[in-house]
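Here is protein.txt, consisting of compact mmCIF, C-alpha atoms and all ligand atoms:
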# COMPACT_ATOMS: atom_id res chain seq x y z
CA MET A 1069 -6.72 -9.73 -20.44
CA THR A 1070 -4.69 -8.70 -17.38
CA ASN A 1071 -6.22 -8.07 -13.98
CA THR A 1072 -6.23 -4.64 -12.40
CA ALA A 1073 -5.39 -3.68 -8.81
CA LEU A 1074 -5.89 -0.37 -7.03
CA ILE A 1075 -3.73 0.22 -3.96
CA ILE A 1076 -4.72 3.12 -1.71
CA GLY A 1077 -1.72 4.50 0.19
CA ALA A 1078 1.11 3.34 -2.05
CA SER A 1079 3.91 5.79 -1.25
CA ARG A 1080 5.54 3.72 1.48
CA GLY A 1081 5.38 0.52 3.48
CA ILE A 1082 2.93 -2.25 2.70
CA GLY A 1083 1.13 -0.28 -0.02
CA LEU A 1084 4.37 0.38 -1.91
CA GLU A 1085 5.27 -3.31 -1.73
CA LEU A 1086 1.80 -4.35 -2.93
CA VAL A 1087 2.20 -2.14 -6.00
CA THR A 1088 5.67 -3.63 -6.60
CA GLN A 1089 4.42 -7.20 -6.35
CA TYR A 1090 1.23 -6.79 -8.41
CA ALA A 1091 3.14 -4.92 -11.12
CA GLY A 1092 5.87 -7.59 -11.04
CA ALA A 1093 3.20 -10.24 -11.56
CA GLY A 1094 2.06 -8.46 -14.75
CA TRP A 1095 -1.04 -6.79 -13.37
CA THR A 1096 -2.25 -3.35 -14.37
CA VAL A 1097 -1.81 -1.34 -11.18
CA HIS A 1098 -3.18 1.97 -9.98
CA GLY A 1099 -1.55 3.39 -6.86
CA THR A 1100 -2.41 6.47 -4.85
CA THR A 1101 -0.08 8.89 -3.11
CA ARG A 1102 -0.75 12.21 -1.44
CA SER A 1103 2.49 13.55 -2.95
CA ILE A 1104 2.11 12.97 -6.68
CA ASP A 1105 4.78 15.63 -7.36
CA GLN A 1106 7.31 13.70 -5.27
CA PRO A 1107 6.37 10.05 -5.68
CA GLY A 1108 9.81 8.77 -4.60
CA PRO A 1109 10.27 4.98 -4.94
CA LEU A 1110 6.73 4.59 -6.28
CA ALA A 1111 7.84 6.22 -9.53
CA LEU A 1112 10.66 3.69 -9.94
CA ILE A 1113 8.52 0.56 -10.02
CA THR A 1114 8.65 -1.17 -13.36
CA GLY A 1115 5.46 -2.39 -14.97
CA ASN A 1116 2.06 -1.04 -15.88
CA VAL A 1117 1.62 1.39 -13.00
CA THR A 1118 -0.48 4.56 -12.97
CA LEU A 1119 -0.20 6.98 -10.06
CA HIS A 1120 -3.02 9.12 -8.69
CA GLN A 1121 -3.08 11.96 -6.17
CA LEU A 1122 -5.14 11.07 -3.09
CA GLU A 1123 -5.15 12.61 0.34
CA VAL A 1124 -7.66 10.16 1.76
CA ARG A 1125 -9.49 12.86 3.74
CA SER A 1126 -10.05 15.00 0.63
CA GLU A 1127 -13.42 14.70 -1.08
CA ASP A 1128 -12.05 16.64 -4.08
CA ASP A 1129 -9.17 14.18 -4.50
CA LEU A 1130 -11.58 11.26 -4.21
CA GLN A 1131 -13.90 12.65 -6.85
CA ARG A 1132 -10.93 13.25 -9.18
CA LEU A 1133 -9.74 9.66 -8.62
CA ARG A 1134 -13.24 8.39 -9.31
CA GLY A 1135 -13.34 10.42 -12.53
CA SER A 1136 -9.97 9.03 -13.67
CA LEU A 1137 -11.14 5.47 -13.08
CA ILE A 1138 -14.57 5.72 -14.70
CA ASP A 1139 -15.40 2.52 -16.60
CA ILE A 1140 -12.18 0.85 -15.42
CA PRO A 1141 -12.95 -2.45 -13.68
CA ILE A 1142 -10.90 -2.95 -10.51
CA ASP A 1143 -10.36 -6.65 -9.76
CA VAL A 1144 -8.63 -6.02 -6.44
CA LEU A 1145 -8.95 -2.89 -4.33
CA ILE A 1146 -6.72 -2.81 -1.24
CA HIS A 1147 -6.91 0.11 1.16
CA GLY A 1148 -3.70 0.42 3.19
CA ALA A 1149 -3.33 4.14 3.99
CA GLY A 1150 -3.23 4.55 7.74
CA VAL A 1151 -1.72 6.49 10.65
CA TYR A 1152 -0.61 5.28 14.06
CA ARG A 1153 1.21 7.19 16.82
CA ASN A 1154 1.82 10.90 17.41
CA THR A 1155 -1.28 11.84 15.46
CA PRO A 1156 -4.32 13.75 16.77
CA ARG A 1157 -7.31 11.50 17.47
CA ASP A 1158 -9.50 13.30 14.91
CA GLU A 1159 -6.95 12.59 12.18
CA ILE A 1160 -6.54 8.94 13.23
CA MET A 1161 -10.31 8.42 13.03
CA ALA A 1162 -10.63 10.30 9.73
CA VAL A 1163 -7.79 8.38 8.05
CA ASN A 1164 -8.20 4.92 9.57
CA THR A 1165 -11.99 4.66 9.97
CA VAL A 1166 -13.91 7.11 7.80
CA ALA A 1167 -11.71 7.16 4.69
CA PRO A 1168 -11.43 3.43 3.92
CA ILE A 1169 -15.21 2.98 3.91
CA ARG A 1170 -15.87 6.21 1.97
CA ILE A 1171 -13.26 5.32 -0.65
CA ALA A 1172 -14.45 1.71 -0.97
CA GLU A 1173 -18.04 2.86 -1.45
CA ALA A 1174 -17.02 5.51 -4.01
CA LEU A 1175 -15.29 2.84 -6.10
CA LEU A 1176 -17.68 -0.04 -5.51
CA ASP A 1177 -19.02 0.12 -9.08
CA ASN A 1178 -15.49 -0.36 -10.43
CA VAL A 1179 -14.97 -3.44 -8.25
CA ALA A 1180 -18.43 -4.84 -9.05
CA ALA A 1181 -17.74 -4.46 -12.78
CA SER A 1182 -14.55 -6.57 -12.63
CA ASP A 1183 -13.97 -10.30 -13.01
CA LEU A 1184 -12.54 -10.97 -9.53
CA ARG A 1185 -14.44 -8.39 -7.41
CA ARG A 1186 -12.10 -8.44 -4.38
CA LEU A 1187 -11.87 -5.76 -1.71
CA ALA A 1188 -9.55 -5.73 1.32
CA LEU A 1189 -9.31 -3.05 3.98
CA ILE A 1190 -6.15 -3.23 6.07
CA THR A 1191 -7.07 -3.18 9.75
CA SER A 1192 -5.05 -4.24 12.81
CA GLN A 1193 -5.17 -6.86 15.52
CA LEU A 1194 -5.02 -3.84 17.89
CA GLY A 1195 -8.61 -3.11 16.80
CA ALA A 1196 -9.91 -6.46 18.03
CA ARG A 1197 -12.32 -5.84 20.94
CA ARG A 1198 -12.48 -9.48 22.05
CA GLY A 1199 -15.51 -8.64 24.17
CA ARG A 1200 -13.96 -5.53 25.78
CA THR A 1201 -15.94 -2.33 25.95
CA GLY A 1202 -13.26 0.17 27.07
CA SER A 1203 -10.95 2.25 24.89
CA LEU A 1204 -8.33 0.41 22.87
CA GLY A 1205 -6.36 3.65 22.55
CA ASP A 1206 -6.83 6.03 19.63
CA TYR A 1207 -5.34 3.65 17.08
CA GLY A 1208 -7.17 0.57 18.36
CA ASP A 1209 -10.42 2.52 18.58
CA SER A 1210 -10.02 3.63 14.97
CA LYS A 1211 -9.45 0.09 13.70
CA ALA A 1212 -12.27 -1.34 15.87
CA ALA A 1213 -14.58 1.30 14.39
CA LEU A 1214 -13.35 0.42 10.90
CA ASN A 1215 -14.14 -3.24 11.58
CA ASP A 1216 -17.62 -2.28 12.86
CA SER A 1217 -18.34 -0.12 9.80
CA PHE A 1218 -17.09 -2.86 7.51
CA ARG A 1219 -19.31 -5.50 9.15
CA ALA A 1220 -22.34 -3.23 8.79
CA ARG A 1221 -21.74 -2.81 5.05
CA ALA A 1222 -20.47 -6.24 4.05
CA PRO A 1223 -23.95 -7.73 3.45
CA ASP A 1224 -24.76 -4.95 0.95
CA TRP A 1225 -21.43 -5.37 -0.77
CA ALA A 1226 -22.10 -9.12 -1.13
CA THR A 1227 -25.26 -8.36 -3.09
CA ARG A 1228 -22.97 -6.72 -5.67
CA GLY A 1229 -21.00 -9.97 -5.96
CA ILE A 1230 -18.04 -8.47 -4.09
CA ARG A 1231 -15.87 -10.55 -1.77
CA ALA A 1232 -14.60 -8.20 0.91
CA ILE A 1233 -12.54 -8.66 4.06
CA VAL A 1234 -10.65 -6.71 6.70
CA ILE A 1235 -7.12 -7.99 7.09
CA HIS A 1236 -4.37 -7.68 9.72
CA PRO A 1237 -1.03 -7.41 7.88
CA GLY A 1238 1.14 -8.75 10.71
CA TRP A 1239 3.56 -6.69 12.76
CA VAL A 1240 5.50 -5.45 9.79
CA SER A 1241 8.88 -3.79 9.43
CA THR A 1242 7.79 -0.45 7.96
CA ASP A 1243 8.00 3.14 9.17
CA MET A 1244 4.89 2.36 11.20
CA GLY A 1245 5.88 -1.07 12.50
CA GLY A 1246 9.52 -0.19 13.24
CA ALA A 1247 12.76 -1.95 12.34
CA SER A 1248 12.38 -4.69 14.97
CA ALA A 1249 9.04 -5.93 13.63
CA PRO A 1250 9.22 -9.65 12.88
CA VAL A 1251 7.39 -9.68 9.52
CA SER A 1252 9.09 -8.30 6.41
CA VAL A 1253 7.12 -6.01 4.15
CA GLN A 1254 7.66 -8.50 1.33
CA ASP A 1255 6.17 -11.39 3.33
CA SER A 1256 3.25 -9.26 4.54
CA ALA A 1257 2.37 -8.08 1.04
CA SER A 1258 2.72 -11.53 -0.52
CA GLY A 1259 0.60 -12.97 2.30
CA ILE A 1260 -2.11 -10.35 1.75
CA ARG A 1261 -2.03 -11.05 -2.00
CA SER A 1262 -2.36 -14.74 -1.38
CA VAL A 1263 -5.36 -14.33 0.98
CA VAL A 1264 -7.05 -11.94 -1.47
CA ASP A 1265 -6.31 -14.30 -4.34
CA SER A 1266 -7.93 -17.23 -2.57
CA LEU A 1267 -10.95 -15.32 -1.21
CA THR A 1268 -14.06 -17.45 -1.29
CA ALA A 1269 -17.66 -16.36 -0.79
CA GLU A 1270 -17.53 -17.97 2.69
CA MET A 1271 -14.59 -15.74 3.68
CA HIS A 1272 -16.52 -12.58 2.81
CA GLY A 1273 -17.39 -10.18 5.65
CA ARG A 1274 -14.80 -11.61 8.05
CA PHE A 1275 -11.48 -10.63 9.68
CA TRP A 1276 -8.36 -12.40 8.37
CA THR A 1277 -4.63 -12.22 8.92
CA TRP A 1278 -1.88 -11.86 6.32
CA ASP A 1279 -0.95 -15.53 6.86
CA GLY A 1280 -4.44 -16.82 6.20
CA ARG A 1281 -5.87 -17.28 9.70
CA GLU A 1282 -9.27 -15.99 10.76
CA HIS A 1283 -9.06 -13.33 13.50
CA ASP A 1284 -11.54 -12.77 16.34
CA TRP A 1285 -13.47 -9.50 16.28
N1 LIG A 1301 3.24 -1.95 10.09
C1 LIG A 1301 2.54 -2.67 10.96
O1 LIG A 1301 3.12 -3.38 11.83
C2 LIG A 1301 1.04 -2.68 10.92
C3 LIG A 1301 0.36 -3.50 11.83
C4 LIG A 1301 -1.05 -3.53 11.79
C5 LIG A 1301 -1.72 -2.76 10.85
N2 LIG A 1301 -1.02 -1.95 9.99
C6 LIG A 1301 -1.79 -1.17 9.02
O2 LIG A 1301 -1.28 -1.40 7.73
C7 LIG A 1301 -1.50 -0.25 6.89
C8 LIG A 1301 -0.19 0.15 6.22
O3 LIG A 1301 0.76 0.39 7.26
P1 LIG A 1301 2.33 0.58 6.96
O4 LIG A 1301 3.05 -0.16 8.02
O5 LIG A 1301 2.63 0.32 5.52
O6 LIG A 1301 2.45 2.14 7.28
P2 LIG A 1301 3.48 3.27 6.77
O7 LIG A 1301 4.74 2.63 6.29
O8 LIG A 1301 3.53 4.26 7.87
O9 LIG A 1301 2.72 3.88 5.49
C9 LIG A 1301 1.50 4.52 5.70
C10 LIG A 1301 0.91 4.86 4.35
O10 LIG A 1301 -0.35 5.51 4.56
C11 LIG A 1301 -0.31 6.74 3.84
N3 LIG A 1301 -1.16 7.76 4.47
C12 LIG A 1301 -1.20 8.12 5.76
N4 LIG A 1301 -2.06 9.12 5.94
C13 LIG A 1301 -2.59 9.42 4.72
C14 LIG A 1301 -3.52 10.37 4.26
N5 LIG A 1301 -4.12 11.24 5.08
N6 LIG A 1301 -3.82 10.38 2.94
C15 LIG A 1301 -3.22 9.52 2.09
N7 LIG A 1301 -2.31 8.58 2.46
C16 LIG A 1301 -2.00 8.55 3.78
C17 LIG A 1301 1.14 7.16 3.87
O11 LIG A 1301 1.37 8.17 2.91
P3 LIG A 1301 2.53 9.31 3.12
O12 LIG A 1301 3.80 8.69 2.61
O13 LIG A 1301 2.04 10.44 2.30
O14 LIG A 1301 2.59 9.63 4.58
C18 LIG A 1301 1.79 5.82 3.55
O15 LIG A 1301 1.71 5.51 2.19
C19 LIG A 1301 -2.07 0.82 7.82
O16 LIG A 1301 -3.47 0.86 7.68
C20 LIG A 1301 -1.70 0.33 9.21
O17 LIG A 1301 -2.60 0.79 10.20
C21 LIG A 1301 0.34 -1.89 9.99

Would it be possible to restate this file's structure as structure tokens?
Amino acid sequence: MTNTALIIGASRGIGLELVTQYAGAGWTVHGTTRSIDQPGPLALITGNVTLHQLEVRSEDDLQRLRGSLIDIPIDVLIHGAGVYRNTPRDEIMAVNTVAPIRIAEALLDNVAASDLRRLALITSQLGARRGRTGSLGDYGDSKAALNDSFRARAPDWATRGIRAIVIHPGWVSTDMGGASAPVSVQDSASGIRSVVDSLTAEMHGRFWTWDGREHDW
């Protein structure tokens, strides 16, 4: 029996690489894109990959995704879709804060029904408050709020047997991170996979980095 991964935000960057690596490792993979008619490199990945339409702010898309995945156990759900600069604050908060929690909760039954029951929401070190109370900028605010929402829900998720974390992927060479970023998308994705793979009950509810270190809130 192969394991199943669901990657939210798989059209580019870290999400695309996660689909590539999980599929390459023989997993059954579901990946979401908001451009199912023009999936680009996502359509070229070899392996057992199913694509789904998902604009993460769309309730209709989410309900359709939920319907397509009914009774399918999801061993690993990783939410990577995110926006950074040159984006209105409302959109940053909707995509980076509201959507990951809403999507995770909509698919919690699928994760709880699986063997591995792993859930990772990609956050950022720029969302670490480290005791500060002022604004971290729109992006940092959105990731700090994601971390807060995650921490509030993690105890409930644990009662379902789910091991969930927020994870910083490194400063990664993607469209978002830019060409001079020091971490390759391959290393980031393999690091995230490795942390998720080795998730223990003690690691649940905490903030980790792609290379396996715990991060301050
Ligand atoms: N790269 C870094 O250095 C870095 C550092 C810290 C944290 N992160 C976090 O890591 C995650 C992945 O980043 P990345 O570097 O891979 O970014 P990226 O290359 O810019 O890719 C962003 C992904 O999010 C998707 N997305 C954005 N808005 C969406 C929406 N409304 N609905 C559905 N999908 C949407 C994009 O889809 P489209 O192709 O349709 O736009 C794309 O697949 C993000 O959460 C980001 O905040 C990245």

- Task: Dump the neighbourhood of ligand LIG 1301 (chain A) as an MDAnalysis selection string: all residues within 9 Å, distances computed on only C-alpha atoms and all ligand atoms.
- Result: chainID A and resid 1076:1085 1100:1103 1107 1121:1126 1147:1152 1159:1160 1162:1164 1167 1189:1194 1207 1211 1235:1246 1249:1251 1253

Mind dumping the selected residues with C-alpha atoms as a PDB file, keeping the file's coordinate frame?
ATOM      1  CA  ILE A1076      -4.720   3.120  -1.710  1.00  0.00           C
ATOM      2  CA  GLY A1077      -1.720   4.500   0.190  1.00  0.00           C
ATOM      3  CA  ALA A1078       1.110   3.340  -2.050  1.00  0.00           C
ATOM      4  CA  SER A1079       3.910   5.790  -1.250  1.00  0.00           C
ATOM      5  CA  ARG A1080       5.540   3.720   1.480  1.00  0.00           C
ATOM      6  CA  GLY A1081       5.380   0.520   3.480  1.00  0.00           C
ATOM      7  CA  ILE A1082       2.930  -2.250   2.700  1.00  0.00           C
ATOM      8  CA  GLY A1083       1.130  -0.280  -0.020  1.00  0.00           C
ATOM      9  CA  LEU A1084       4.370   0.380  -1.910  1.00  0.00           C
ATOM     10  CA  GLU A1085       5.270  -3.310  -1.730  1.00  0.00           C
ATOM     11  CA  THR A1100      -2.410   6.470  -4.850  1.00  0.00           C
ATOM     12  CA  THR A1101      -0.080   8.890  -3.110  1.00  0.00           C
ATOM     13  CA  ARG A1102      -0.750  12.210  -1.440  1.00  0.00           C
ATOM     14  CA  SER A1103       2.490  13.550  -2.950  1.00  0.00           C
ATOM     15  CA  PRO A1107       6.370  10.050  -5.680  1.00  0.00           C
ATOM     16  CA  GLN A1121      -3.080  11.960  -6.170  1.00  0.00           C
ATOM     17  CA  LEU A1122      -5.140  11.070  -3.090  1.00  0.00           C
ATOM     18  CA  GLU A1123      -5.150  12.610   0.340  1.00  0.00           C
ATOM     19  CA  VAL A1124      -7.660  10.160   1.760  1.00  0.00           C
ATOM     20  CA  ARG A1125      -9.490  12.860   3.740  1.00  0.00           C
ATOM     21  CA  SER A1126     -10.050  15.000   0.630  1.00  0.00           C
ATOM     22  CA  HIS A1147      -6.910   0.110   1.160  1.00  0.00           C
ATOM     23  CA  GLY A1148      -3.700   0.420   3.190  1.00  0.00           C
ATOM     24  CA  ALA A1149      -3.330   4.140   3.990  1.00  0.00           C
ATOM     25  CA  GLY A1150      -3.230   4.550   7.740  1.00  0.00           C
ATOM     26  CA  VAL A1151      -1.720   6.490  10.650  1.00  0.00           C
ATOM     27  CA  TYR A1152      -0.610   5.280  14.060  1.00  0.00           C
ATOM     28  CA  GLU A1159      -6.950  12.590  12.180  1.00  0.00           C
ATOM     29  CA  ILE A1160      -6.540   8.940  13.230  1.00  0.00           C
ATOM     30  CA  ALA A1162     -10.630  10.300   9.730  1.00  0.00           C
ATOM     31  CA  VAL A1163      -7.790   8.380   8.050  1.00  0.00           C
ATOM     32  CA  ASN A1164      -8.200   4.920   9.570  1.00  0.00           C
ATOM     33  CA  ALA A1167     -11.710   7.160   4.690  1.00  0.00           C
ATOM     34  CA  LEU A1189      -9.310  -3.050   3.980  1.00  0.00           C
ATOM     35  CA  ILE A1190      -6.150  -3.230   6.070  1.00  0.00           C
ATOM     36  CA  THR A1191      -7.070  -3.180   9.750  1.00  0.00           C
ATOM     37  CA  SER A1192      -5.050  -4.240  12.810  1.00  0.00           C
ATOM     38  CA  GLN A1193      -5.170  -6.860  15.520  1.00  0.00           C
ATOM     39  CA  LEU A1194      -5.020  -3.840  17.890  1.00  0.00           C
ATOM     40  CA  TYR A1207      -5.340   3.650  17.080  1.00  0.00           C
ATOM     41  CA  LYS A1211      -9.450   0.090  13.700  1.00  0.00           C
ATOM     42  CA  ILE A1235      -7.120  -7.990   7.090  1.00  0.00           C
ATOM     43  CA  HIS A1236      -4.370  -7.680   9.720  1.00  0.00           C
ATOM     44  CA  PRO A1237      -1.030  -7.410   7.880  1.00  0.00           C
ATOM     45  CA  GLY A1238       1.140  -8.750  10.710  1.00  0.00           C
ATOM     46  CA  TRP A1239       3.560  -6.690  12.760  1.00  0.00           C
ATOM     47  CA  VAL A1240       5.500  -5.450   9.790  1.00  0.00           C
ATOM     48  CA  SER A1241       8.880  -3.790   9.430  1.00  0.00           C
ATOM     49  CA  THR A1242       7.790  -0.450   7.960  1.00  0.00           C
ATOM     50  CA  ASP A1243       8.000   3.140   9.170  1.00  0.00           C
ATOM     51  CA  MET A1244       4.890   2.360  11.200  1.00  0.00           C
ATOM     52  CA  GLY A1245       5.880  -1.070  12.500  1.00  0.00           C
ATOM     53  CA  GLY A1246       9.520  -0.190  13.240  1.00  0.00           C
ATOM     54  CA  ALA A1249       9.040  -5.930  13.630  1.00  0.00           C
ATOM     55  CA  PRO A1250       9.220  -9.650  12.880  1.00  0.00           C
ATOM     56  CA  VAL A1251       7.390  -9.680   9.520  1.00  0.00           C
ATOM     57  CA  VAL A1253       7.120  -6.010   4.150  1.00  0.00           C
TER      58      VAL A1253
END

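Summary of the local environment: counting all atoms listed in the file, residues at most 10 Å from Ala1226 in chain A, other than itself and those fewer than 2 positions away along its chain, are Ala1180, Arg1185, Arg1221, Ala1222, Pro1223, Asp1224, Arg1228, Gly1229, Ile1230, Arg1231, Ala1232, Ala1269, His1272 and Gly1273 of chain A.
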
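For the atom pair formed by CA of Phe1218 in chain A and CA of Asp1284 in chain A, the distance is 14.4 Å, given to one decimal.
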
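Between CA of Ser1248 in chain A and CA of Leu1086 in chain A the separation is 20.8 Å.
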
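Taking CA of Asp1158 in chain A and CA of Val1179 in chain A as the two end points, the separation is 29.1 Å.
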
Kindly provide, as AutoDock Vina command-line options, the centre and edge lengths (Å, one decimal) of an axis-aligned box around all atoms of range 1146-1159 of chain A given in the file, with 6 Å on each side.
--center_x -3.8 --center_y 5.5 --center_z 8.1 --size_x 23.3 --size_y 28.6 --size_z 30.7
